[in-house]
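Structure below is my_file_0.txt: compact mmCIF, C-alpha atoms.
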# COMPACT_ATOMS: atom_id res chain seq x y z
CA MET C 750 0.69 -1.63 10.34
CA SER C 751 -2.23 -3.99 10.18
CA THR C 752 -2.42 -6.74 7.61
CA PRO C 753 -4.76 -5.87 4.73
CA THR C 754 -7.75 -8.08 4.05
CA MET C 755 -9.62 -8.81 0.85
CA THR C 756 -12.35 -6.19 1.39
CA ALA C 757 -12.19 -3.08 -0.77
CA SER C 758 -12.71 -0.63 2.11
CA ARG C 759 -9.86 -2.18 4.09
CA MET C 760 -7.54 -2.12 1.07
CA THR C 761 -8.33 1.57 0.47
CA THR C 762 -7.26 2.34 4.01
CA THR C 763 -4.07 0.37 3.51
CA ARG C 764 -3.33 2.25 0.29
CA MET C 765 -3.55 5.62 1.99
CA THR C 766 -1.22 4.59 4.80
CA THR C 767 1.17 2.80 2.45
CA THR C 768 1.75 5.91 0.36
CA ARG C 769 2.70 7.92 3.45
CA MET C 770 4.95 5.29 5.01
CA THR C 771 8.69 5.47 4.99
CA THR C 772 10.75 2.42 4.13
CA THR C 773 10.69 -0.02 7.03
CA ALA C 774 11.49 -3.67 7.51
CA ARG C 775 8.52 -5.85 6.61
CA THR C 776 7.61 -8.92 8.52
CA GLY C 777 5.84 -11.84 6.94
CA PRO C 778 4.99 -12.51 3.31
CA PRO C 779 3.42 -9.75 1.18
CA THR C 780 -0.33 -9.78 0.75
CA LEU C 781 -1.35 -10.88 -2.74
CA ILE C 782 -4.62 -9.79 -4.33
CA PRO C 783 -6.36 -10.96 -7.51
CA GLY C 784 -6.40 -8.83 -10.66
CA PRO C 785 -9.99 -7.52 -10.41
CA LEU C 786 -9.45 -6.32 -6.85
CA ALA C 787 -6.10 -4.80 -7.85
CA ALA C 788 -7.86 -2.93 -10.66
CA GLN C 789 -10.53 -1.66 -8.26
CA GLU C 790 -7.91 -0.37 -5.84
CA ALA C 791 -5.90 1.33 -8.60
CA GLY C 792 -9.06 2.88 -10.07
CA VAL C 793 -8.64 1.22 -13.45
CA ALA C 794 -10.46 -1.46 -15.42
CA PRO C 795 -9.43 -5.11 -15.01
CA ALA C 796 -8.41 -5.05 -18.69
CA THR C 797 -5.86 -2.36 -17.81
CA ILE C 798 -4.19 -4.67 -15.28
CA ARG C 799 -4.02 -7.40 -17.94
CA LYS C 800 -2.56 -4.90 -20.44
CA TRP C 801 0.11 -3.77 -17.94
CA VAL C 802 1.11 -7.42 -17.53
CA GLN C 803 1.22 -7.89 -21.31
CA LEU C 804 3.38 -4.76 -21.73
CA GLY C 805 5.71 -5.79 -18.92
CA ARG C 806 4.79 -2.90 -16.61
CA LEU C 807 3.40 -5.27 -13.97
CA ARG C 808 4.36 -8.81 -13.03
CA ALA C 809 2.16 -11.32 -11.24
CA ALA C 810 3.65 -12.34 -7.88
CA GLY C 811 1.73 -15.61 -7.72
CA ARG C 812 -1.25 -17.62 -8.86
CA ALA C 813 -4.40 -19.05 -7.32
CA GLY C 814 -5.62 -21.59 -9.83
CA ARG C 815 -5.86 -19.65 -13.09
CA ALA C 816 -6.07 -16.24 -11.41
CA GLN C 817 -2.99 -14.06 -11.29
CA LEU C 818 -2.16 -12.50 -7.92
CA PHE C 819 -0.42 -9.16 -7.52
CA ARG C 820 1.31 -7.28 -4.73
CA LEU C 821 -0.58 -4.06 -4.05
CA GLU C 822 2.69 -2.10 -3.99
CA ASP C 823 3.52 -3.33 -7.51
CA VAL C 824 0.08 -2.31 -8.79
CA PHE C 825 0.47 1.21 -7.40
CA ALA C 826 3.97 1.49 -8.91
CA ALA C 827 2.59 0.48 -12.33
CA GLU C 828 -0.21 3.01 -11.93
CA ARG C 829 2.29 5.80 -11.16
CA THR C 830 4.42 4.81 -14.15
CA ALA C 831 1.39 4.77 -16.46
CA ARG C 832 0.31 8.19 -15.21
CA ARG C 833 3.78 9.65 -15.90
CA THR C 834 3.93 8.32 -19.47
CA ARG C 835 0.63 9.87 -20.58
Would you give me this structure, written as structure tokens?
Amino acid sequence: MSTPTMTASRMTTTRMTTTRMTTTARTGPPTLIPGPLAAQEAGVAPATIRKWVQLGRLRAAGRAGRAQLFRLEDVFAAERTARRTR
């Protein structure tokens, strides 16, 4: 599996392969992305990402200055949970 980059088209490709992957051992640290890019990849508004954090459905995995950084896997898990509760 190639390491995802910060471009939206690359992250979309990673999302499609990630959902089809089976559980395997990961090497290296997880890739962290800022909230607006996480929102774009999940197909939601940036305010939705902030709301998920406020409600406890999503937790930031790190920070870059004031920006919260998220693991893409966590964002997709929060998206699935939100879809199920509607």
Between C:Leu804, C:Leu818, C:Ile798, C:Ala831, which one has atoms that come closest to Pro783 of chain C, using only C-alpha atoms?
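Counting only C-alpha atoms, the residue closest to Pro783 of chain C is C:Leu818.
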Long-range neighbours of Ala791 of chain C as a list of chain:residue names, 10 Å cut-off, only C-alpha atoms, 3 positions minimum in chain:
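Near Ala791 of chain C, the qualifying residues are C:Thr761, C:Arg764, C:Pro785, C:Leu786, C:Ala787, C:Ala788, C:Ala794, C:Pro795, C:Thr797, C:Ile798, C:Leu821, C:Val824, C:Phe825, C:Ala826, C:Ala827, C:Glu828, C:Arg829.
Going from atom CA of Thr780 of chain C to atom CA of Thr834 of chain C covers 27.5 Å.
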Set the distance at 8 Å and use only C-alpha atoms: which residues neighbour Ala810 of chain C once local chain neighbours fewer than 3 positions away are removed? I'd like the list as a list in words.
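Residues near the query, excluding close chain neighbours: Leu781, Gln817, Leu818, Phe819 and Arg820 of chain C.
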Kindly give the distance, in Å, that separates atom CA of Asp823 of chain C and atom CA of Gly777 of chain C, rounded to a single decimal.
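According to the coordinates, atom CA of Asp823 of chain C and atom CA of Gly777 of chain C are separated by 16.9 Å.
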